[in-house]
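A.B. asks: Input structure: data_9.txt, which contains compact mmCIF, C-alpha atoms.
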# COMPACT_ATOMS: atom_id res chain seq x y z
CA MET A 3 -27.56 67.01 30.20
CA ALA A 4 -27.91 65.92 26.67
CA ARG A 5 -27.28 62.35 25.93
CA PRO A 6 -24.24 61.91 23.72
CA LYS A 7 -25.14 60.69 20.31
CA ILE A 8 -24.04 57.14 19.63
CA ALA A 9 -22.81 56.79 16.13
CA ARG A 10 -24.71 54.17 14.21
CA LYS A 11 -22.41 51.51 12.98
CA SER A 12 -23.01 48.66 10.58
CA THR A 13 -23.04 45.16 12.01
CA THR A 14 -21.96 43.67 8.74
CA VAL A 15 -18.45 42.40 8.45
CA ASP A 16 -16.91 42.58 5.06
CA MET A 17 -16.61 39.03 3.87
CA THR A 18 -14.66 39.78 0.74
CA ALA A 19 -11.25 39.40 2.34
CA MET A 20 -12.16 36.14 4.02
CA CYS A 21 -13.59 34.83 0.80
CA ASP A 22 -10.35 35.70 -0.97
CA VAL A 23 -8.32 33.79 1.59
CA ALA A 24 -10.60 30.76 1.40
CA PHE A 25 -10.37 30.50 -2.35
CA LEU A 26 -6.67 31.19 -2.38
CA LEU A 27 -6.16 28.25 -0.04
CA LEU A 28 -8.51 26.17 -2.14
CA ALA A 29 -6.60 26.95 -5.29
CA PHE A 30 -3.35 26.11 -3.52
CA PHE A 31 -4.56 22.73 -2.34
CA ILE A 32 -6.05 21.80 -5.68
CA LEU A 33 -2.86 22.65 -7.49
CA THR A 34 -0.53 20.92 -5.06
CA THR A 35 -2.60 17.75 -4.82
CA LYS A 36 -1.07 14.99 -6.79
CA PHE A 37 -3.89 13.06 -8.24
CA LYS A 38 -3.56 9.36 -8.29
CA PRO A 39 -2.57 8.62 -11.88
CA SER A 40 -5.06 6.41 -13.58
CA GLU A 41 -3.49 3.03 -13.41
CA ALA A 42 -3.24 0.71 -16.33
CA VAL A 43 -2.96 -2.14 -13.88
CA PRO A 44 -5.61 -1.76 -11.19
CA ILE A 45 -4.49 -3.26 -7.91
CA ASN A 46 -6.30 -3.39 -4.59
CA THR A 47 -3.61 -3.48 -1.98
CA PRO A 48 -4.18 -5.08 1.40
CA ASN A 49 -4.21 -3.10 4.63
CA SER A 50 -1.49 -3.05 7.22
CA VAL A 51 -0.62 -1.14 10.35
CA ALA A 52 2.65 0.02 8.81
CA ALA A 53 2.88 3.78 9.15
CA LYS A 54 5.86 4.45 6.94
CA ILE A 55 5.06 6.28 3.74
CA ALA A 56 6.16 4.50 0.59
CA PRO A 57 9.32 6.04 -0.89
CA GLU A 58 9.16 7.84 -4.22
CA THR A 59 12.72 7.95 -5.48
CA ASN A 60 14.93 5.10 -6.65
CA VAL A 61 11.80 3.03 -6.89
CA VAL A 62 11.61 -0.31 -8.60
CA MET A 63 8.01 -1.35 -8.43
CA ILE A 64 6.84 -4.87 -9.01
CA SER A 65 3.11 -5.12 -9.42
CA LEU A 66 1.20 -8.32 -8.97
CA ASN A 67 -2.35 -8.08 -10.19
CA LYS A 68 -5.35 -10.20 -9.33
CA ASP A 69 -4.66 -12.76 -12.03
CA GLY A 70 -1.12 -13.26 -10.78
CA LYS A 71 0.41 -11.30 -13.67
CA VAL A 72 3.66 -9.56 -12.82
CA PHE A 73 4.60 -6.10 -14.08
CA LEU A 74 7.76 -4.13 -13.59
CA SER A 75 7.94 -0.36 -13.44
CA THR A 76 10.11 2.38 -12.03
CA GLY A 77 9.44 5.81 -10.55
CA ASP A 78 8.55 8.75 -12.75
CA SER A 79 11.50 11.01 -12.04
CA LYS A 80 14.32 11.55 -14.52
CA GLY A 81 16.81 9.56 -12.46
CA ASP A 82 14.44 6.62 -12.23
CA LYS A 83 13.86 6.63 -15.96
CA ASP A 84 17.62 6.59 -16.53
CA LYS A 85 17.82 3.59 -14.27
CA LYS A 86 15.08 1.90 -16.22
CA GLN A 87 17.12 2.38 -19.35
CA ALA A 88 20.13 0.88 -17.62
CA ILE A 89 18.04 -2.09 -16.49
CA LEU A 90 16.79 -2.67 -20.01
CA GLN A 91 20.26 -2.41 -21.49
CA SER A 92 21.61 -4.83 -18.94
CA VAL A 93 18.86 -7.38 -19.58
CA ASN A 94 19.27 -6.88 -23.30
CA LYS A 95 22.95 -7.69 -23.01
CA THR A 96 22.77 -10.66 -20.65
CA ARG A 97 19.97 -12.37 -22.55
CA ASN A 98 21.03 -11.34 -26.08
CA LEU A 99 17.65 -9.94 -26.94
CA GLY A 100 18.93 -7.78 -29.78
CA LEU A 101 16.85 -4.74 -28.87
CA THR A 102 17.73 -1.59 -30.76
CA ASP A 103 18.26 1.74 -29.00
CA ALA A 104 14.94 2.97 -30.34
CA GLU A 105 13.14 -0.03 -28.92
CA ILE A 106 14.77 0.47 -25.56
CA ALA A 107 13.75 4.13 -25.61
CA ALA A 108 10.18 3.09 -26.40
CA LEU A 109 10.17 0.64 -23.51
CA VAL A 110 11.55 3.28 -21.15
CA LYS A 111 8.63 5.48 -22.11
CA ALA A 112 6.14 2.68 -21.51
CA PRO A 113 4.49 2.86 -18.08
CA PHE A 114 5.55 -0.67 -17.23
CA ILE A 115 6.99 -3.82 -18.65
CA GLY A 116 4.55 -6.66 -18.80
CA VAL A 117 5.67 -9.24 -21.34
CA SER A 118 8.14 -12.07 -21.47
CA LEU A 119 11.66 -11.30 -22.64
CA ALA A 120 10.95 -12.77 -26.07
CA GLN A 121 8.00 -10.43 -26.59
CA LEU A 122 9.77 -7.21 -25.59
CA LYS A 123 10.15 -6.16 -29.21
CA GLN A 124 6.39 -6.40 -29.62
CA GLN A 125 5.71 -4.31 -26.55
CA ALA A 126 8.11 -1.67 -27.84
CA ARG A 127 5.88 -1.23 -30.89
CA MET A 128 2.68 -0.91 -28.89
CA GLN A 129 0.91 2.36 -28.16
CA THR A 130 1.02 3.42 -24.51
CA ASP A 131 -2.74 3.43 -24.12
CA GLN A 132 -2.94 -0.13 -25.36
CA MET A 133 -0.78 -1.36 -22.52
CA THR A 134 -3.06 -2.44 -19.74
CA GLY A 135 -3.12 -5.30 -17.30
CA GLU A 136 -5.71 -6.94 -19.51
CA THR A 137 -3.87 -6.88 -22.80
CA LEU A 138 -0.37 -7.74 -21.65
CA PRO A 139 0.46 -11.24 -20.47
CA GLY A 140 2.74 -10.15 -17.62
CA ILE A 141 6.31 -11.18 -16.94
CA PRO A 142 6.44 -14.98 -16.59
CA ALA A 143 6.93 -15.77 -12.91
CA LYS A 144 4.22 -18.32 -12.24
CA ASP A 145 6.38 -21.40 -12.06
CA SER A 146 9.87 -21.57 -10.70
CA THR A 147 11.39 -23.16 -13.82
CA ASN A 148 10.65 -20.17 -16.02
CA ASN A 149 11.01 -17.25 -13.66
CA GLU A 150 12.05 -14.27 -15.74
CA MET A 151 11.89 -12.00 -12.72
CA ILE A 152 15.33 -13.36 -11.87
CA ASP A 153 16.69 -11.82 -15.09
CA TRP A 154 14.96 -8.55 -14.39
CA MET A 155 16.24 -8.39 -10.85
CA ARG A 156 19.74 -9.06 -12.10
CA GLY A 157 19.27 -6.09 -14.42
CA VAL A 158 18.13 -4.01 -11.45
CA ALA A 159 21.19 -5.07 -9.48
CA ASP A 160 23.37 -4.05 -12.43
CA ALA A 161 21.72 -0.69 -12.85
CA TYR A 162 21.90 0.12 -9.16
CA GLN A 163 25.46 -0.93 -8.60
CA GLY A 164 26.54 0.23 -5.16
CA MET A 165 23.21 1.87 -4.52
CA LYS A 166 20.14 0.51 -2.86
CA PRO A 167 17.01 0.55 -4.96
CA ASN A 168 13.73 0.82 -3.09
CA LEU A 169 12.10 -2.41 -4.07
CA LEU A 170 8.38 -2.03 -3.79
CA LEU A 171 6.05 -4.93 -4.17
CA LYS A 172 2.47 -4.00 -4.86
CA GLY A 173 0.27 -7.03 -4.78
CA ASP A 174 -3.44 -7.50 -5.14
CA ASN A 175 -5.51 -8.94 -2.33
CA VAL A 176 -6.54 -12.00 -4.27
CA ALA A 177 -3.23 -12.74 -5.99
CA LYS A 178 -2.12 -16.25 -5.16
CA TYR A 179 0.96 -16.99 -3.12
CA PRO A 180 3.09 -18.87 -5.74
CA SER A 181 3.62 -15.73 -7.83
CA PHE A 182 4.57 -13.85 -4.69
CA ARG A 183 7.01 -16.60 -3.71
CA ASN A 184 8.65 -16.54 -7.14
CA ILE A 185 9.12 -12.80 -6.92
CA ILE A 186 10.70 -13.17 -3.49
CA ASP A 187 12.91 -15.94 -4.90
CA ALA A 188 14.04 -13.58 -7.64
CA PHE A 189 14.90 -10.98 -5.01
CA ARG A 190 16.81 -13.47 -2.96
CA LYS A 191 18.76 -14.90 -5.89
CA ASN A 192 20.09 -11.42 -6.60
CA ASP A 193 20.92 -10.64 -2.98
CA PHE A 194 18.08 -8.25 -2.40
CA PHE A 195 17.05 -9.13 1.11
CA LYS A 196 15.07 -6.03 1.91
CA PHE A 197 11.94 -4.98 0.19
CA GLN A 198 8.75 -3.17 0.99
CA MET A 199 5.18 -4.05 0.35
CA VAL A 200 2.79 -1.31 -0.59
CA THR A 201 -0.29 -1.34 1.63
CA ASN A 202 -3.13 0.87 2.69
CA PRO A 203 -2.84 2.30 6.16
CA GLU A 204 -4.99 0.86 8.88
CA SER A 205 -5.30 1.73 12.53
CA VAL A 206 -3.58 -0.39 15.14
CA PRO A 207 -6.08 -2.54 17.05
CA THR A 208 -6.58 -1.21 20.57
CA GLY A 209 -5.11 -3.30 23.33
CA SER A 210 -2.52 -5.04 21.17
CA ASP A 211 1.16 -4.91 22.04
CA LEU A 212 1.92 -2.51 19.22
CA TYR A 213 -0.87 -0.25 20.41
CA LYS A 214 0.65 -0.13 23.88
CA LEU A 215 4.03 0.68 22.34
CA SER A 216 2.70 3.50 20.21
CA VAL A 217 0.75 4.96 23.14
CA SER A 218 3.92 5.05 25.21
CA GLY A 219 5.75 6.53 22.24
CA LYS A 220 8.24 3.72 21.91
CA ARG A 221 7.08 2.44 18.58
CA GLU A 222 9.86 2.08 16.10
CA GLU A 223 9.57 1.76 12.39
CA MET B 7 -27.69 38.31 7.22
CA ALA B 8 -29.25 41.22 8.89
CA GLU B 9 -27.85 44.28 7.35
CA MET B 10 -28.63 47.55 8.97
CA ASP B 11 -29.68 50.37 6.91
CA THR B 12 -27.22 53.04 7.74
CA SER B 13 -28.12 55.40 5.03
CA GLY B 14 -29.78 57.47 7.72
CA GLY B 15 -33.31 58.29 6.81
CA GLY B 16 -34.11 60.90 4.27
CA GLY B 17 -31.51 63.05 2.72
CA HIS B 18 -32.46 66.25 1.10
CA LYS B 19 -35.87 66.48 -0.12
CA LYS B 20 -36.42 66.51 -3.75
CA GLY B 21 -39.16 68.66 -4.98
CA PRO B 22 -42.74 67.51 -4.95
CA GLY B 23 -43.65 65.02 -7.54
CA VAL B 24 -40.15 63.69 -7.84
CA LYS B 25 -40.21 60.02 -6.95
CA LYS B 26 -37.52 58.80 -4.71
CA GLY B 27 -35.63 55.93 -6.40
CA LYS B 28 -35.31 53.00 -4.10
CA LYS B 29 -31.77 52.66 -2.88
CA LEU B 30 -30.41 49.21 -3.61
CA SER B 31 -27.35 47.95 -1.86
CA THR B 32 -24.56 46.96 -4.21
CA ARG B 33 -23.17 44.62 -1.62
CA VAL B 34 -23.52 40.88 -1.99
CA ASP B 35 -23.50 38.73 1.07
CA LEU B 36 -20.36 36.61 0.74
CA THR B 37 -20.87 34.40 3.80
CA PRO B 38 -22.20 31.34 1.92
CA MET B 39 -19.37 31.62 -0.54
CA VAL B 40 -16.82 31.60 2.28
CA ASP B 41 -18.58 28.58 3.78
CA LEU B 42 -18.33 26.77 0.50
CA GLY B 43 -14.67 27.70 0.13
CA PHE B 44 -13.71 26.31 3.50
CA LEU B 45 -15.81 23.21 2.96
CA LEU B 46 -13.87 22.47 -0.20
CA ILE B 47 -10.58 23.14 1.55
CA THR B 48 -11.37 20.64 4.29
CA PHE B 49 -12.41 18.13 1.68
CA PHE B 50 -9.14 18.47 -0.20
CA ILE B 51 -7.03 18.32 2.95
CA PHE B 52 -8.68 15.10 4.04
CA THR B 53 -8.58 13.37 0.68
CA THR B 54 -4.90 14.15 0.10
CA THR B 55 -3.59 12.79 3.39
CA MET B 56 -5.69 9.67 3.31
CA SER B 57 -4.68 8.25 -0.04
CA GLN B 58 -0.97 8.13 0.80
CA PRO B 59 0.06 4.50 0.51
CA THR B 60 2.27 3.08 3.20
CA ALA B 61 4.96 0.48 2.87
CA MET B 62 5.59 -2.50 5.01
CA LYS B 63 9.13 -3.68 5.32
CA LEU B 64 10.14 -7.30 5.04
CA ILE B 65 13.64 -8.59 5.42
CA LEU B 66 14.33 -11.95 3.88
CA PRO B 67 16.75 -14.48 5.27
CA ASP B 68 19.66 -15.46 3.10
CA ASN B 69 19.10 -19.12 2.32
CA LYS B 70 22.59 -19.43 0.88
CA ALA B 71 24.02 -18.95 4.36
CA LYS B 72 25.67 -21.97 5.88
CA PRO B 73 23.36 -24.01 8.06
CA GLU B 74 25.71 -23.92 11.03
CA GLU B 75 25.62 -20.13 10.96
CA GLN B 76 21.88 -19.97 11.00
CA ASN B 77 20.32 -19.58 14.36
CA LYS B 78 18.48 -22.70 15.11
CA ALA B 79 14.98 -22.24 16.44
CA LYS B 80 14.34 -23.93 19.72
CA GLU B 81 11.57 -26.40 19.13
CA SER B 82 9.57 -25.48 22.20
CA GLY B 83 9.48 -21.82 21.25
CA ALA B 84 8.31 -22.33 17.70
CA LEU B 85 4.85 -21.63 16.45
CA THR B 86 4.18 -22.70 12.90
CA ILE B 87 1.32 -21.03 11.09
CA MET B 88 0.09 -22.42 7.80
CA LEU B 89 -2.16 -20.44 5.51
CA GLY B 90 -4.68 -22.49 3.59
CA LYS B 91 -7.26 -21.57 1.03
CA ASP B 92 -10.37 -19.47 1.77
CA ASN B 93 -8.60 -17.63 4.60
CA ASN B 94 -8.16 -20.77 6.69
CA ILE B 95 -5.28 -20.94 9.10
CA PHE B 96 -3.69 -24.00 10.61
CA TYR B 97 -1.05 -23.97 13.29
CA TYR B 98 0.92 -26.11 15.64
CA GLU B 99 3.32 -25.43 18.45
CA GLY B 100 6.77 -26.96 18.65
CA ILE B 101 7.23 -29.82 16.21
CA LEU B 102 4.42 -31.55 14.42
CA GLN B 103 3.56 -34.83 16.09
CA PRO B 104 3.33 -37.83 13.80
CA ASN B 105 -0.31 -38.43 14.64
CA GLY B 106 -1.11 -34.77 14.16
CA VAL B 107 -2.71 -34.16 17.56
CA ASN B 108 -1.23 -30.70 17.91
CA PHE B 109 -2.35 -29.65 14.45
CA LYS B 110 -5.10 -27.11 15.00
CA SER B 111 -7.21 -24.97 12.77
CA SER B 112 -8.02 -21.32 13.23
CA ASN B 113 -8.91 -18.21 11.30
CA PHE B 114 -7.74 -14.64 11.00
CA LYS B 115 -9.89 -13.48 13.91
CA GLU B 116 -8.66 -16.04 16.37
CA ILE B 117 -5.03 -16.29 15.34
CA ARG B 118 -4.14 -13.14 17.25
CA ASP B 119 -5.13 -14.76 20.55
CA VAL B 120 -3.06 -17.80 19.65
CA ILE B 121 -0.04 -15.61 18.97
CA ILE B 122 -0.54 -13.59 22.15
CA HIS B 123 -0.92 -16.74 24.20
CA LYS B 124 2.24 -18.17 22.67
CA LYS B 125 4.10 -14.94 23.29
CA GLN B 126 3.10 -14.83 26.93
CA THR B 127 3.94 -18.44 27.66
CA THR B 128 7.31 -18.52 25.89
CA ASP B 129 10.65 -17.03 26.71
CA THR B 130 11.24 -14.08 24.37
CA ALA B 131 14.63 -15.40 23.32
CA ASP B 132 13.12 -18.69 22.17
CA LEU B 133 10.01 -17.39 20.49
CA VAL B 134 9.99 -17.77 16.75
CA ILE B 135 7.01 -17.86 14.44
CA VAL B 136 7.27 -19.74 11.18
CA ILE B 137 4.82 -18.75 8.49
CA LYS B 138 4.15 -21.29 5.78
CA PRO B 139 1.73 -20.21 3.10
CA THR B 140 0.33 -22.91 0.85
CA ASP B 141 -0.12 -22.39 -2.87
CA GLU B 142 -3.81 -21.78 -2.30
CA SER B 143 -3.35 -18.82 0.02
CA THR B 144 -3.51 -15.28 -1.29
CA TYR B 145 -1.18 -12.33 -1.10
CA LYS B 146 -3.61 -10.68 1.31
CA ASN B 147 -3.36 -13.63 3.68
CA VAL B 148 0.42 -13.34 3.73
CA VAL B 149 0.36 -9.59 4.31
CA ASP B 150 -2.28 -9.99 7.01
CA ILE B 151 -0.28 -12.55 8.90
CA LEU B 152 2.89 -10.46 8.58
CA ASP B 153 0.82 -7.59 9.88
CA GLU B 154 -0.15 -9.70 12.88
CA MET B 155 3.56 -10.07 13.58
CA SER B 156 3.99 -6.32 13.79
CA ILE B 157 0.73 -5.86 15.69
CA ASN B 158 1.88 -8.30 18.34
CA VAL B 159 5.49 -7.09 18.20
CA ILE B 160 7.01 -10.44 17.32
CA LYS B 161 10.70 -9.87 16.70
CA ARG B 162 11.55 -13.19 15.12
CA TYR B 163 9.48 -14.65 12.37
CA ALA B 164 10.21 -16.31 9.06
CA LEU B 165 8.39 -16.89 5.82
CA VAL B 166 9.18 -20.44 4.81
CA ASP B 167 8.00 -22.80 2.09
CA ILE B 168 5.64 -25.47 3.26
CA SER B 169 6.83 -29.06 3.48
CA PRO B 170 4.96 -31.73 1.49
CA ASP B 171 3.77 -33.45 4.68
CA GLU B 172 2.26 -30.29 6.07
CA ASP B 173 0.76 -29.41 2.73
CA ARG B 174 -0.97 -32.78 2.68
CA LEU B 175 -2.28 -32.28 6.20
CA VAL B 176 -3.68 -28.88 5.30
CA LYS B 177 -5.35 -30.34 2.21
CA VAL B 178 -6.85 -33.18 4.25
CA SER B 179 -8.14 -30.79 6.88
CA GLU B 180 -9.69 -28.56 4.26
CA GLY B 181 -11.27 -31.53 2.55
CA GLU B 182 -13.34 -32.19 5.63
CA PRO B 183 -17.04 -31.41 5.44
CA ALA B 184 -17.57 -27.76 6.13
CA PRO B 185 -19.57 -27.99 9.42
CA ALA B 186 -16.70 -29.79 11.16
CA THR B 187 -14.45 -26.77 10.85
CA PRO B 188 -16.57 -23.66 10.92
CA THR B 189 -13.79 -21.44 9.67
CA ALA B 190 -15.74 -19.14 7.45
CA ALA B 191 -13.29 -16.35 7.93
CA PRO B 192 -14.36 -12.83 7.14
CA ALA B 193 -13.52 -11.85 3.61
CA GLY B 194 -12.33 -8.41 4.51
CA LYS B 195 -11.27 -6.64 7.62
Can you dump the structure from the file as structure tokens?

C.D. replies:
Amino acid sequence: MARPKIARKSTTVDMTAMCDVAFLLLAFFILTTKFKPSEAVPINTPNSVAAKIAPETNVVMISLNKDGKVFLSTGDSKGDKDKKQAILQSVNKTRNLGLTDAEIAALVKAPFIGVSLAQLKQQARMQTDQMTGETLPGIPAKDSTNNEMIDWMRGVADAYQGMKPNLLLKGDNVAKYPSFRNIIDAFRKNDFFKFQMVTNPESVPTGSDLYKLSVSGKREE
Amino acid sequence: MAEMDTSGGGGHKKGPGVKKGKKLSTRVDLTPMVDLGFLLITFFIFTTTMSQPTAMKLILPDNKAKPEEQNKAKESGALTIMLGKDNNIFYYEGILQPNGVNFKSSNFKEIRDVIIHKKQTTDTADLVIVIKPTDESTYKNVVDILDEMSINVIKRYALVDISPDEDRLVKVSEGEPAPATPTAAPAGK
């Protein structure tokens, strides 16, 4: 009996399709990744075990850099920018700063506010790329007698009437406590009793009470 | 990759003297390219999820509230933690004795044991931790100690301004020669 002829088949698998998929996914991830915007005020945040992701809408961000300078900024969305305008208008009115509409618009466009109330007109004339944590003096909040954060927080309260802003405090590791206390004081004076501190995630130490809770699935945020 | 020649030997013979052109495969081996693609994908997946900042919640007490409405901390259940400069920590349980015998020093490594010990030996309803940062402490110190609260699941704690007496005690303790209090706390975690 003649042996049946076994057809010779190639052992090569066509990699083209797989390659297509790989690069499609790659392109997708690259495009959807939001790169960390280069920050004018570099801040090294401390670590914490908090697992909640920082919110991104209705954000009022207070930055505290390593020299204890305080900066105020809002989120990037349209709604947040509108709120920033409302905050500026409110502060302008309560403190009689005499800012024109054009100056307010310029300040809304600025990435953050980092001067005393009296110098706002100057910041409005600055170029965006000149505004960095080095060049601007920061909002005065170092001593409790001249704490302009109180005025700003009143503006925030005005702009967010009936709504809850997400107050985010982003402080640097080496910032000293007095600036932090004055910011908290400003929150408290305007009846903001809840705020969040931006931190880097860190794992829960094994064996601690929180670890036991999260293992048993009872951890609450 | 081993590619088998499936062209199947000689085809039709060309006449004598006609040289057979060597058959070159037009196929390129794409395996390394796929490897590279997936490597990059993994890289991007990992870097995106890791840089997401988290937020730690803090609820402040209303200091305008009437004193009689505030819940008074039972003295025995209180643990007061003071944050000094250079990552030093000082603490005392209950109320501070006039001669300062229960005023102890610690650091960020040991404070967790102190808190756990306090938590185990105190009735949960009475336990309250009072955090008093001095002007010399840093933002990191405050966040770290608040983090200890959540690590050890302390339900009641408060961030309070330091009293002048305590501030003086902390200053005096820090003014001691360094070998007496070997509290060279680690700079980072």

A.B. asks: Between atom CA of Asn158 of chain B and atom CA of Gly83 of chain B, what is the distance in Å, rounded to a tenth?

C.D. replies: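 Between atom CA of Asn158 of chain B and atom CA of Gly83 of chain B the gap is 15.8 Å.
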
A.B. asks: Report as JSON lines the residues of chain B within 6 Å of chain A, each with its shortest atom pair and distance in Å (one decimal), using only C-alpha atoms, ordered by chain and increasing residue number.

C.D. replies:
{"residue": "B:Met10", "atom": "CA", "partner": "A:Ser12", "partner_atom": "CA", "distance": 6.0}
{"residue": "B:Leu36", "atom": "CA", "partner": "A:Met17", "partner_atom": "CA", "distance": 5.5}
{"residue": "B:Val40", "atom": "CA", "partner": "A:Cys21", "partner_atom": "CA", "distance": 4.8}
{"residue": "B:Gly43", "atom": "CA", "partner": "A:Ala24", "partner_atom": "CA", "distance": 5.2}
{"residue": "B:Phe44", "atom": "CA", "partner": "A:Ala24", "partner_atom": "CA", "distance": 5.8}
{"residue": "B:Ile47", "atom": "CA", "partner": "A:Leu28", "partner_atom": "CA", "distance": 5.2}
{"residue": "B:Pro59", "atom": "CA", "partner": "A:Asn202", "partner_atom": "CA", "distance": 5.3}
{"residue": "B:Thr60", "atom": "CA", "partner": "A:Ile55", "partner_atom": "CA", "distance": 4.3}
{"residue": "B:Ala61", "atom": "CA", "partner": "A:Val200", "partner_atom": "CA", "distance": 4.5}
{"residue": "B:Met62", "atom": "CA", "partner": "A:Met199", "partner_atom": "CA", "distance": 4.9}
{"residue": "B:Lys63", "atom": "CA", "partner": "A:Gln198", "partner_atom": "CA", "distance": 4.4}
{"residue": "B:Leu64", "atom": "CA", "partner": "A:Phe197", "partner_atom": "CA", "distance": 5.7}
{"residue": "B:Ile65", "atom": "CA", "partner": "A:Lys196", "partner_atom": "CA", "distance": 4.6}
{"residue": "B:Leu66", "atom": "CA", "partner": "A:Phe195", "partner_atom": "CA", "distance": 4.8}
{"residue": "B:Asp141", "atom": "CA", "partner": "A:Tyr179", "partner_atom": "CA", "distance": 5.5}
{"residue": "B:Ser143", "atom": "CA", "partner": "A:Tyr179", "partner_atom": "CA", "distance": 5.6}
{"residue": "B:Thr144", "atom": "CA", "partner": "A:Lys178", "partner_atom": "CA", "distance": 4.2}
{"residue": "B:Tyr145", "atom": "CA", "partner": "A:Ala177", "partner_atom": "CA", "distance": 5.3}
{"residue": "B:Lys146", "atom": "CA", "partner": "A:Asn175", "partner_atom": "CA", "distance": 4.5}
{"residue": "B:Asp153", "atom": "CA", "partner": "A:Ser50", "partner_atom": "CA", "distance": 5.7}
{"residue": "B:Ile157", "atom": "CA", "partner": "A:Leu212", "partner_atom": "CA", "distance": 5.0}
{"residue": "B:Asn158", "atom": "CA", "partner": "A:Asp211", "partner_atom": "CA", "distance": 5.1}
{"residue": "B:Val159", "atom": "CA", "partner": "A:Leu212", "partner_atom": "CA", "distance": 5.9}

A.B. asks: So that I have them on file, write out the residues from the current selection with C-alpha atoms, as an mmCIF file, in the frame of the given file.

C.D. replies:
data_model
loop_
_atom_site.group_PDB
_atom_site.id
_atom_site.type_symbol
_atom_site.label_atom_id
_atom_site.label_comp_id
_atom_site.auth_asym_id
_atom_site.auth_seq_id
_atom_site.Cartn_x
_atom_site.Cartn_y
_atom_site.Cartn_z
ATOM 1 C CA MET B 10 -28.630 47.550 8.970
ATOM 2 C CA LEU B 36 -20.360 36.610 0.740
ATOM 3 C CA VAL B 40 -16.820 31.600 2.280
ATOM 4 C CA GLY B 43 -14.670 27.700 0.130
ATOM 5 C CA PHE B 44 -13.710 26.310 3.500
ATOM 6 C CA ILE B 47 -10.580 23.140 1.550
ATOM 7 C CA PRO B 59 0.060 4.500 0.510
ATOM 8 C CA THR B 60 2.270 3.080 3.200
ATOM 9 C CA ALA B 61 4.960 0.480 2.870
ATOM 10 C CA MET B 62 5.590 -2.500 5.010
ATOM 11 C CA LYS B 63 9.130 -3.680 5.320
ATOM 12 C CA LEU B 64 10.140 -7.300 5.040
ATOM 13 C CA ILE B 65 13.640 -8.590 5.420
ATOM 14 C CA LEU B 66 14.330 -11.950 3.880
ATOM 15 C CA ASP B 141 -0.120 -22.390 -2.870
ATOM 16 C CA SER B 143 -3.350 -18.820 0.020
ATOM 17 C CA THR B 144 -3.510 -15.280 -1.290
ATOM 18 C CA TYR B 145 -1.180 -12.330 -1.100
ATOM 19 C CA LYS B 146 -3.610 -10.680 1.310
ATOM 20 C CA ASP B 153 0.820 -7.590 9.880
ATOM 21 C CA ILE B 157 0.730 -5.860 15.690
ATOM 22 C CA ASN B 158 1.880 -8.300 18.340
ATOM 23 C CA VAL B 159 5.490 -7.090 18.200
#

A.B. asks: Please indicate the distance in Å from atom CA of Met128 of chain A to atom CA of Glu105 of chain A, rounded to one decimal place.

C.D. replies: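 According to the coordinates, atom CA of Met128 of chain A and atom CA of Glu105 of chain A are separated by 10.5 Å.
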
A.B. asks: Quote the spacing between atom CA of Val61 of chain A and atom CA of Arg156 of chain A in Å to one decimal place.

C.D. replies: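 Distance between the two atoms: 15.4 Å.
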
A.B. asks: Set the distance at 8 Å and use all atoms listed in the file: which residues neighbour Asn184 of chain A once local chain neighbours fewer than 3 positions away are removed? I'd like the list as a ChimeraX atom specification.

C.D. replies: /A:143-146,149,151,180-181,187-188

A.B. asks: From the options B:Lys138, B:Lys110, B:Lys115, B:His123, which residue's atoms come nearest to Tyr98 of chain B, counting all atoms listed in the file?

C.D. replies: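 Closest candidate: B:Lys110.
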
A.B. asks: Select, from B:Ser111, B:Thr48, B:Thr127, B:Ser31, the residue with the minimum atom-to-atom distance to Ile87 of chain B, counting all atoms listed in the file.

C.D. replies: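 Nearest to Ile87 of chain B: B:Ser111.
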
A.B. asks: What are the centre and the three edge lengths of an axis-aligned box that wraps all atoms of segment 206-222 of chain A in the file, given that 8 Å is added to every side, written as lines of an AutoDock Vina configuration file and rounded to one decimal in Å?

C.D. replies:
center_x = 1.6
center_y = 0.7
center_z = 20.2
size_x = 32.4
size_y = 27.6
size_z = 26.1

A.B. asks: Any idea what's packed within 12 Å of segment 128-130 of chain B, counting all atoms listed in the file, ignoring anything in its chain fewer than 5 positions away? Could you give it as an NGL selection string?

C.D. replies: :B and (79-85 or 99-100 or 121-123 or 135 or 159-162)
